[in-house]
$ cat query-v9.cif   # mmCIF, C-alpha atoms
data_work
loop_
_atom_site.group_PDB
_atom_site.id
_atom_site.type_symbol
_atom_site.label_atom_id
_atom_site.label_comp_id
_atom_site.auth_asym_id
_atom_site.auth_seq_id
_atom_site.Cartn_x
_atom_site.Cartn_y
_atom_site.Cartn_z
ATOM 1 C CA MET C 289 158.614 126.187 -42.097
ATOM 2 C CA ASN C 290 161.274 128.898 -42.269
ATOM 3 C CA SER C 291 163.108 130.341 -39.314
ATOM 4 C CA LYS C 292 160.916 133.456 -39.162
ATOM 5 C CA SER C 293 157.746 131.407 -38.760
ATOM 6 C CA ILE C 294 159.341 129.322 -36.047
ATOM 7 C CA ALA C 295 160.297 132.484 -34.108
ATOM 8 C CA ILE C 296 156.745 133.843 -34.255
ATOM 9 C CA ALA C 297 155.273 130.525 -33.063
ATOM 10 C CA GLY C 298 157.708 130.424 -30.143
ATOM 11 C CA ALA C 299 156.790 133.945 -29.099
ATOM 12 C CA LEU C 300 153.087 133.088 -29.122
ATOM 13 C CA LEU C 301 153.711 129.989 -26.980
ATOM 14 C CA LEU C 302 155.651 131.976 -24.376
ATOM 15 C CA SER C 303 152.935 134.663 -24.208
ATOM 16 C CA THR C 304 150.160 132.060 -23.616
ATOM 17 C CA SER C 305 152.125 130.353 -20.801
ATOM 18 C CA GLY C 306 152.673 133.690 -19.115
ATOM 19 C CA LEU C 307 148.929 134.408 -19.138
ATOM 20 C CA VAL C 308 148.138 131.010 -17.589
ATOM 21 C CA LEU C 309 150.641 131.518 -14.800
ATOM 22 C CA ALA C 310 149.436 135.080 -14.143
ATOM 23 C CA ALA C 311 145.819 133.920 -13.736
ATOM 24 C CA GLY C 312 146.660 131.880 -10.587
ATOM 25 C CA THR C 313 149.152 134.239 -9.022
ATOM 26 C CA THR C 314 148.384 136.865 -6.289
ATOM 27 C CA ILE C 315 149.950 140.208 -7.023
ATOM 28 C CA ILE C 316 151.287 141.740 -3.763
ATOM 29 C CA PRO C 317 151.880 145.499 -4.009
ATOM 30 C CA ALA C 318 155.050 146.823 -2.438
ATOM 31 C CA GLY C 319 154.740 147.519 1.287
ATOM 32 C CA GLN C 320 151.772 145.065 1.890
ATOM 33 C CA SER C 321 151.684 141.521 3.267
ATOM 34 C CA ALA C 322 149.859 138.573 1.811
ATOM 35 C CA GLN C 323 147.596 138.395 4.904
ATOM 36 C CA GLY C 324 146.064 141.815 4.376
ATOM 37 C CA GLY C 325 146.083 141.918 0.552
ATOM 38 C CA GLN C 326 143.423 141.118 -2.054
ATOM 39 C CA THR C 327 143.337 138.955 -5.160
ATOM 40 C CA GLN C 328 143.157 140.492 -8.566
ATOM 41 C CA GLY C 329 139.469 139.650 -8.749
ATOM 42 C CA GLY C 330 138.766 141.935 -5.695
ATOM 43 C CA GLN C 331 137.881 138.960 -3.427
ATOM 44 C CA THR C 332 138.730 138.940 0.335
ATOM 45 C CA ASP C 333 141.905 137.111 1.239
ATOM 46 C CA THR C 334 141.151 133.524 2.414
ATOM 47 C CA THR C 335 143.437 133.935 5.456
ATOM 48 C CA LYS C 336 141.386 136.848 6.791
ATOM 49 C CA VAL C 337 138.113 134.960 6.226
ATOM 50 C CA ALA C 338 139.454 131.942 8.083
ATOM 51 C CA GLN C 339 140.475 134.150 11.056
ATOM 52 C CA ALA C 340 137.020 135.764 11.199
ATOM 53 C CA GLN C 341 135.324 132.388 11.121
ATOM 54 C CA SER C 342 137.632 131.115 13.869
ATOM 55 C CA SER C 343 136.828 134.165 16.098
ATOM 56 C CA GLU C 344 133.089 133.687 15.601
ATOM 57 C CA LYS C 345 133.372 130.000 16.500
ATOM 58 C CA THR C 346 135.338 130.848 19.678
ATOM 59 C CA ALA C 347 132.700 133.409 20.737
ATOM 60 C CA GLN C 348 129.943 130.851 20.232
ATOM 61 C CA GLN C 349 131.833 128.299 22.358
ATOM 62 C CA GLU C 350 132.330 130.855 25.176
ATOM 63 C CA THR C 351 128.638 131.705 25.076
ATOM 64 C CA LYS C 352 127.709 128.039 25.396
ATOM 65 C CA ALA C 353 130.259 127.516 28.216
ATOM 66 C CA ALA C 354 129.094 130.533 30.264
ATOM 67 C CA PRO C 355 127.010 129.459 33.316
ATOM 68 C CA PRO C 356 123.375 130.566 33.455
ATOM 69 C CA PRO C 357 122.592 133.569 35.704
ATOM 70 C CA ALA C 358 122.178 132.653 39.363
ATOM 71 C CA GLN C 359 118.606 132.396 40.533
ATOM 72 C CA SER C 360 117.706 133.983 43.860
ATOM 73 C CA GLU C 361 116.666 131.540 46.542
ATOM 74 C CA PRO C 362 113.307 131.919 48.245
ATOM 75 C CA ALA C 363 113.458 134.156 51.295
ATOM 76 C CA SER C 364 112.300 131.279 53.466
ATOM 77 C CA SER C 365 115.347 129.069 52.823
ATOM 78 C CA GLY C 366 119.065 129.179 53.573
ATOM 79 C CA GLN C 367 120.722 132.253 55.025
ATOM 80 C CA ASN C 368 117.984 134.535 53.740
ATOM 81 C CA GLY C 369 115.483 132.475 55.690
ATOM 82 C CA GLU C 370 117.601 132.715 58.835
ATOM 83 C CA ALA C 371 117.909 136.491 58.414
ATOM 84 C CA THR C 372 114.161 136.787 57.968
ATOM 85 C CA ALA C 373 113.555 134.677 61.060
ATOM 86 C CA ALA C 374 116.006 136.809 63.050
ATOM 87 C CA ALA C 375 114.282 139.999 61.903
ATOM 88 C CA ASP C 376 110.902 138.568 62.875
ATOM 89 C CA SER C 377 112.291 137.606 66.276
ATOM 90 C CA GLN C 378 113.682 141.098 66.877
ATOM 91 C CA ALA C 379 110.435 142.680 65.780
ATOM 92 C CA SER C 380 108.523 140.553 68.272
ATOM 93 C CA GLU C 381 110.794 141.399 71.235
ATOM 94 C CA PRO C 382 109.258 144.837 71.972
ATOM 95 C CA ALA C 383 105.783 143.327 71.908
ATOM 96 C CA GLN C 384 106.923 140.572 74.269
ATOM 97 C CA SER C 385 108.515 143.130 76.580
ATOM 98 C CA GLU C 386 105.326 145.181 76.663
ATOM 99 C CA THR C 387 103.316 142.060 77.424
ATOM 100 C CA ALA C 388 105.678 141.135 80.250
ATOM 101 C CA ALA C 389 105.483 144.663 81.667
ATOM 102 C CA ALA C 390 101.714 144.648 81.472
ATOM 103 C CA SER C 391 101.598 141.339 83.319
ATOM 104 C CA GLY C 392 103.434 142.796 86.311
ATOM 105 C CA ASP C 393 107.118 142.095 85.627
ATOM 106 C CA VAL C 394 107.759 145.829 85.620
ATOM 107 C CA MET C 395 107.136 145.777 89.395
ATOM 108 C CA LYS C 396 109.076 142.586 90.062
ATOM 109 C CA PRO C 397 111.501 143.220 92.979
ATOM 110 C CA ASP C 398 115.139 142.209 92.736
ATOM 111 C CA ALA C 399 116.903 139.672 94.960
ATOM 112 C CA HIS C 400 117.351 142.117 97.865
ATOM 113 C CA PRO C 401 114.077 144.028 98.284
ATOM 114 C CA SER C 402 112.954 146.264 101.108
ATOM 115 C CA LYS C 403 111.855 144.603 104.333
ATOM 116 C CA ASP C 404 108.175 145.388 103.747
ATOM 117 C CA THR C 405 108.305 143.874 100.258
ATOM 118 C CA ALA C 406 110.192 140.823 101.509
ATOM 119 C CA THR C 407 107.524 140.369 104.207
ATOM 120 C CA GLU C 408 104.305 141.477 102.501
ATOM 121 C CA GLY C 409 105.138 141.587 98.797
ATOM 122 C CA ASN C 410 104.623 144.697 96.706
ATOM 123 C CA GLU C 411 101.206 143.997 95.231
ATOM 124 C CA VAL C 412 98.832 146.910 95.582
ATOM 125 C CA ALA C 413 96.013 145.985 97.968
ATOM 126 C CA SER C 414 94.178 149.296 97.895
ATOM 127 C CA VAL C 415 94.350 152.820 96.467
ATOM 128 C CA ASP C 416 92.756 155.825 98.200
ATOM 129 C CA ASP C 417 90.964 158.748 96.613
ATOM 130 C CA LEU C 418 94.230 160.637 96.145
ATOM 131 C CA GLY C 419 95.895 157.742 94.314
ATOM 132 C CA LYS C 420 98.141 156.578 97.168
ATOM 133 C CA ALA C 421 98.578 152.790 97.170
ATOM 134 C CA THR C 422 99.138 150.464 100.115
ATOM 135 C CA ASP C 423 100.138 146.814 100.354
ATOM 136 C CA SER C 424 98.274 144.080 102.223
ATOM 137 C CA ALA C 425 99.690 145.298 105.570
ATOM 138 C CA GLY C 426 98.740 148.927 104.957
ATOM 139 C CA ASN C 427 102.274 150.100 104.170
ATOM 140 C CA PRO C 428 102.587 152.807 101.498
ATOM 141 C CA THR C 429 103.822 151.366 98.220
ATOM 142 C CA TYR C 430 104.442 152.353 94.632
ATOM 143 C CA GLN C 431 102.598 151.841 91.356
ATOM 144 C CA ILE C 432 104.632 151.605 88.149
ATOM 145 C CA SER C 433 102.781 151.430 84.828
ATOM 146 C CA ALA C 434 103.757 149.105 81.984
ATOM 147 C CA ASP C 435 105.454 151.988 80.140
ATOM 148 C CA GLY C 436 107.528 152.890 83.206
ATOM 149 C CA THR C 437 105.390 155.807 84.363
ATOM 150 C CA ALA C 438 105.435 156.196 88.144
ATOM 151 C CA ASP C 439 102.423 157.150 90.249
ATOM 152 C CA TRP C 440 102.332 160.679 91.650
ATOM 153 C CA TYR C 441 103.561 159.670 95.137
ATOM 154 C CA THR C 442 106.616 157.825 93.820
ATOM 155 C CA TRP C 443 107.511 160.740 91.552
ATOM 156 C CA ARG C 444 106.837 163.332 94.253
ATOM 157 C CA GLY C 445 108.873 161.314 96.732
ATOM 158 C CA TYR C 446 111.895 161.627 94.434
ATOM 159 C CA LYS C 447 111.442 165.405 94.290
ATOM 160 C CA LYS C 448 111.118 165.768 98.069
ATOM 161 C CA TYR C 449 114.037 163.403 98.687
ATOM 162 C CA MET C 450 116.242 165.516 96.428
ATOM 163 C CA ALA C 451 115.143 168.661 98.298
ATOM 164 C CA ASN C 452 115.526 167.372 101.865
ATOM 165 C CA CYS C 453 117.630 164.193 102.026
ATOM 166 C CA MET C 454 120.083 164.094 99.119
ATOM 167 C CA GLN C 455 122.570 166.455 100.792
ATOM 168 C CA CYS C 456 123.487 163.751 103.313
ATOM 169 C CA HIS C 457 122.312 160.455 101.793
ATOM 170 C CA GLY C 458 123.497 161.180 98.265
ATOM 171 C CA PRO C 459 121.690 161.057 94.918
ATOM 172 C CA ASP C 460 119.258 158.177 94.404
ATOM 173 C CA GLY C 461 119.515 157.141 98.072
ATOM 174 C CA LEU C 462 122.912 155.540 97.541
ATOM 175 C CA GLY C 463 124.612 157.067 100.586
ATOM 176 C CA SER C 464 127.725 159.159 101.139
ATOM 177 C CA SER C 465 130.802 159.242 103.351
ATOM 178 C CA PHE C 466 128.739 160.499 106.321
ATOM 179 C CA ALA C 467 125.265 159.008 105.799
ATOM 180 C CA PRO C 468 124.112 155.460 104.980
ATOM 181 C CA ASN C 469 122.823 154.006 101.724
ATOM 182 C CA LEU C 470 119.049 154.051 102.228
ATOM 183 C CA THR C 471 118.367 151.440 99.539
ATOM 184 C CA GLU C 472 120.307 149.068 101.795
ATOM 185 C CA SER C 473 118.907 150.423 105.073
ATOM 186 C CA LEU C 474 115.343 149.649 103.972
ATOM 187 C CA GLN C 475 116.284 145.988 103.637
ATOM 188 C CA THR C 476 116.228 145.873 107.455
ATOM 189 C CA LEU C 477 113.795 148.717 108.217
ATOM 190 C CA ASN C 478 110.035 148.532 107.691
ATOM 191 C CA TYR C 479 107.810 151.548 107.166
ATOM 192 C CA PHE C 480 107.248 152.194 110.889
ATOM 193 C CA ASP C 481 110.960 151.880 111.691
ATOM 194 C CA PHE C 482 111.721 154.362 108.915
ATOM 195 C CA ALA C 483 109.049 156.833 110.084
ATOM 196 C CA GLY C 484 110.284 156.610 113.698
ATOM 197 C CA ILE C 485 113.843 157.508 112.674
ATOM 198 C CA ILE C 486 112.625 160.428 110.556
ATOM 199 C CA VAL C 487 110.496 161.801 113.402
ATOM 200 C CA SER C 488 112.908 161.247 116.324
ATOM 201 C CA GLY C 489 116.316 161.023 114.687
ATOM 202 C CA GLN C 490 119.155 158.841 115.984
ATOM 203 C CA GLN C 491 122.814 159.062 116.935
ATOM 204 C CA ASN C 492 125.790 156.762 116.471
ATOM 205 C CA LYS C 493 123.726 154.021 114.923
ATOM 206 C CA TRP C 494 125.157 153.958 111.428
ATOM 207 C CA ASN C 495 128.787 154.682 112.372
ATOM 208 C CA THR C 496 129.424 153.720 115.976
ATOM 209 C CA SER C 497 133.085 154.748 115.832
ATOM 210 C CA GLY C 498 132.233 158.415 115.193
ATOM 211 C CA ASN C 499 129.622 161.033 115.854
ATOM 212 C CA SER C 500 126.999 160.069 113.247
ATOM 213 C CA VAL C 501 123.807 162.024 113.817
ATOM 214 C CA MET C 502 120.461 161.708 112.099
ATOM 215 C CA PRO C 503 118.523 164.884 112.938
ATOM 216 C CA ALA C 504 114.939 164.681 114.170
ATOM 217 C CA TRP C 505 112.567 166.040 111.524
ATOM 218 C CA GLY C 506 109.319 165.558 113.424
ATOM 219 C CA GLU C 507 108.597 169.278 113.604
ATOM 220 C CA ASP C 508 109.677 170.164 110.087
ATOM 221 C CA PRO C 509 106.651 170.246 107.754
ATOM 222 C CA ASN C 510 108.898 170.227 104.667
ATOM 223 C CA VAL C 511 109.830 166.649 105.594
ATOM 224 C CA MET C 512 106.808 165.421 107.543
ATOM 225 C CA CYS C 513 104.259 166.502 104.933
ATOM 226 C CA SER C 514 106.120 164.314 102.415
ATOM 227 C CA LEU C 515 107.169 161.407 104.643
ATOM 228 C CA ASP C 516 105.009 158.847 102.800
ATOM 229 C CA PRO C 517 106.096 159.901 99.299
ATOM 230 C CA ILE C 518 109.750 159.799 100.355
ATOM 231 C CA TYR C 519 109.303 156.300 101.781
ATOM 232 C CA ILE C 520 107.425 155.129 98.668
ATOM 233 C CA TYR C 521 110.222 156.387 96.408
ATOM 234 C CA LEU C 522 112.945 154.776 98.534
ATOM 235 C CA ARG C 523 110.992 151.507 98.720
ATOM 236 C CA ALA C 524 110.838 151.449 94.909
ATOM 237 C CA ARG C 525 114.584 152.140 94.766
ATOM 238 C CA ALA C 526 115.339 149.419 97.333
ATOM 239 C CA ASP C 527 113.156 146.935 95.426
ATOM 240 C CA GLY C 528 114.976 147.742 92.194
ATOM 241 C CA VAL C 529 111.856 148.747 90.244
ATOM 242 C CA VAL C 530 112.901 152.398 89.912
ATOM 243 C CA GLY C 531 116.305 153.258 88.522
ATOM 244 C CA ARG C 532 118.581 156.184 89.166
ATOM 245 C CA GLY C 533 117.400 159.647 88.289
ATOM 246 C CA GLU C 534 113.913 161.070 88.140
ATOM 247 C CA PRO C 535 111.121 158.540 87.623
ATOM 248 C CA LYS C 536 108.827 159.081 84.656
ATOM 249 C CA ARG C 537 106.279 161.652 85.740
ATOM 250 C CA PRO C 538 102.579 160.777 85.536
ATOM 251 C CA LYS C 539 100.193 162.926 83.539
ATOM 252 C CA ASN C 540 98.487 165.696 85.424
ATOM 253 C CA ASN C 541 94.837 164.950 86.202
ATOM 254 C CA ASP C 542 92.232 165.599 88.873
ATOM 255 C CA THR C 543 93.709 162.926 91.180
ATOM 256 C CA THR C 544 97.271 164.240 90.981
ATOM 257 C CA LYS C 545 95.999 167.800 91.488
ATOM 258 C CA ALA C 546 94.134 166.702 94.625
ATOM 259 C CA ALA C 547 97.239 164.945 95.986
ATOM 260 C CA GLN C 548 99.335 168.050 95.352
ATOM 261 C CA GLN C 549 96.746 170.233 97.048
ATOM 262 C CA GLU C 550 96.817 168.002 100.130
ATOM 263 C CA GLU C 551 100.556 168.560 100.398
ATOM 264 C CA TYR C 552 100.038 172.313 100.040
ATOM 265 C CA ASN C 553 97.394 172.236 102.758
ATOM 266 C CA CYS C 554 99.814 170.400 105.068
ATOM 267 C CA LEU C 555 102.466 173.026 104.406
ATOM 268 C CA GLY C 556 99.956 175.806 105.115
ATOM 269 C CA PHE C 557 99.769 177.194 101.594
#
$ encode --input "query-v9.cif" --output "structure tokens"
Amino acid sequence: MNSKSIAIAGALLLSTSGLVLAAGTTIIPAGQSAQGGQTQGGQTDTTKVAQAQSSEKTAQQETKAAPPPAQSEPASSGQNGEATAAADSQASEPAQSETAAASGDVMKPDAHPSKDTATEGNEVASVDDLGKATDSAGNPTYQISADGTADWYTWRGYKKYMANCMQCHGPDGLGSSFAPNLTESLQTLNYFDFAGIIVSGQQNKWNTSGNSVMPAWGEDPNVMCSLDPIYIYLRARADGVVGRGEPKRPKNNDTTKAAQQEEYNCLGF
């Protein structure tokens, strides 16, 4: 073989080796990295595929590890059950209060009642045609309904007290610097004692160190025509069954109209 033939054979050998090497080599264009490039065959880089598979696997593991959604407990157990029980208890309180009022607790005297109530109690023994109640001894007394409504005489007594007595004895019968607290006075005075003082008056009984005078109202129809209602109101205040301010007024009916007319007749209207 001559030298020319040898040169041609060597060139062919070098060309074939270059093709073999090129077939397994990734060509990386300038300015790109091997991670984001592609092979000559247009296939996705194996590094990127591996990363995608790894991310998918991680997401699946997190999904498996996530706790199941919390299930709500029945309302009858745990704190929800206690809250429900408390709500039921609160809802039942008004009904219990109304039941207690209807059973007579609304007229239950406090620890320091009027003398007549301490002696005779405050249960209504009789009611006349005009709606005025009396206890077992015949003393005028009050009637308070379960909803707090006062009878006409208790309500009217408040009005007449405010018109004739409040100037000296203060609002709600609680006294002043120159007249006694009548809610306390009735703890030692019965109805007849009270009426006697209203009719005849008294002097230097409440404050013996000064000139304390209770005028005699026996000839004043503005007071005498309402003596019983005033006593009934003050008895309710002394017993603690009527609070401060105007008692709840009863509805107007034939009985209340007749009681009002009797007062008007007494006054000469």
$ atom_distance --input "query-v9.cif" --atom1 "CA of Ser414 (chain C)" --atom2 "CA of Thr544 (chain C)"
16.8 Å
$ residues_around --input "query-v9.cif" --residues "region 436-453 of chain C" --least-positions-apart "4" --cutoff "8 Å" --atoms "all atoms listed in the file" --output "NGL selection string"
:C and (394 or 419-420 or 430-432 or 457-459 or 510-511 or 514 or 516-522 or 524 or 534-538 or 544 or 547)
$ closest_residue --input "query-v9.cif" --among "C:Val487, C:Pro509, C:Leu477, C:Phe466" --to "Tyr552 (chain C)" --atoms "all atoms listed in the file"
C:Pro509
$ closest_residue --input "query-v9.cif" --among "C:Val412, C:Gly506, C:Gly531, C:Thr405" --to "Ile486 (chain C)" --atoms "all atoms listed in the file"
C:Gly506
$ atom_distance --input "query-v9.cif" --atom1 "CA of Asp542 (chain C)" --atom2 "CA of Val415 (chain C)"
15.0 Å
$ atom_distance --input "query-v9.cif" --atom1 "CA of Lys396 (chain C)" --atom2 "CA of Leu462 (chain C)"
20.4 Å
$ resolve_selection --input "query-v9.cif" --expression "the PyMOL selection byres ((chain C and resi 491) around 7)" --output "ChimeraX atom specification"
/C:490,492-493,500-502
$ residues_around --input "query-v9.cif" --residues "Pro468 (chain C)" --least-positions-apart "3" --cutoff "10 Å" --atoms "all atoms listed in the file" --output "list in words"
Cys456, His457, Gly458, Gly461, Leu462, Gly463, Ser464, Ser465, Thr471, Glu472, Ser473, Trp494, Asn495 and Ser500 of chain C
$ resolve_selection --input "query-v9.cif" --expression "the PyMOL selection byres ((chain C and resi 407) around 12)" --output "ChimeraX atom specification"
/C:400-406,408-411,423-425,427,475-479
$ closest_residue --input "query-v9.cif" --among "C:Ala526, C:Leu418, C:Ile485, C:Ala413" --to "Asp460 (chain C)" --atoms "all atoms listed in the file"
C:Ala526
$ axis_aligned_box --input "query-v9.cif" --around "region 502-508 of chain C" --padding-each-side "4 Å" --output "lines of an AutoDock Vina configuration file"
center_x = 114.5
center_y = 165.9
center_z = 112.1
size_x = 19.9
size_y = 16.5
size_z = 12.1
$ residues_around --input "query-v9.cif" --residues "Asp508 (chain C)" --least-positions-apart "4" --cutoff "10 Å" --atoms "all atoms listed in the file" --output "JSON, numbers by chain"
{"C": [487, 504, 512, 513, 555]}
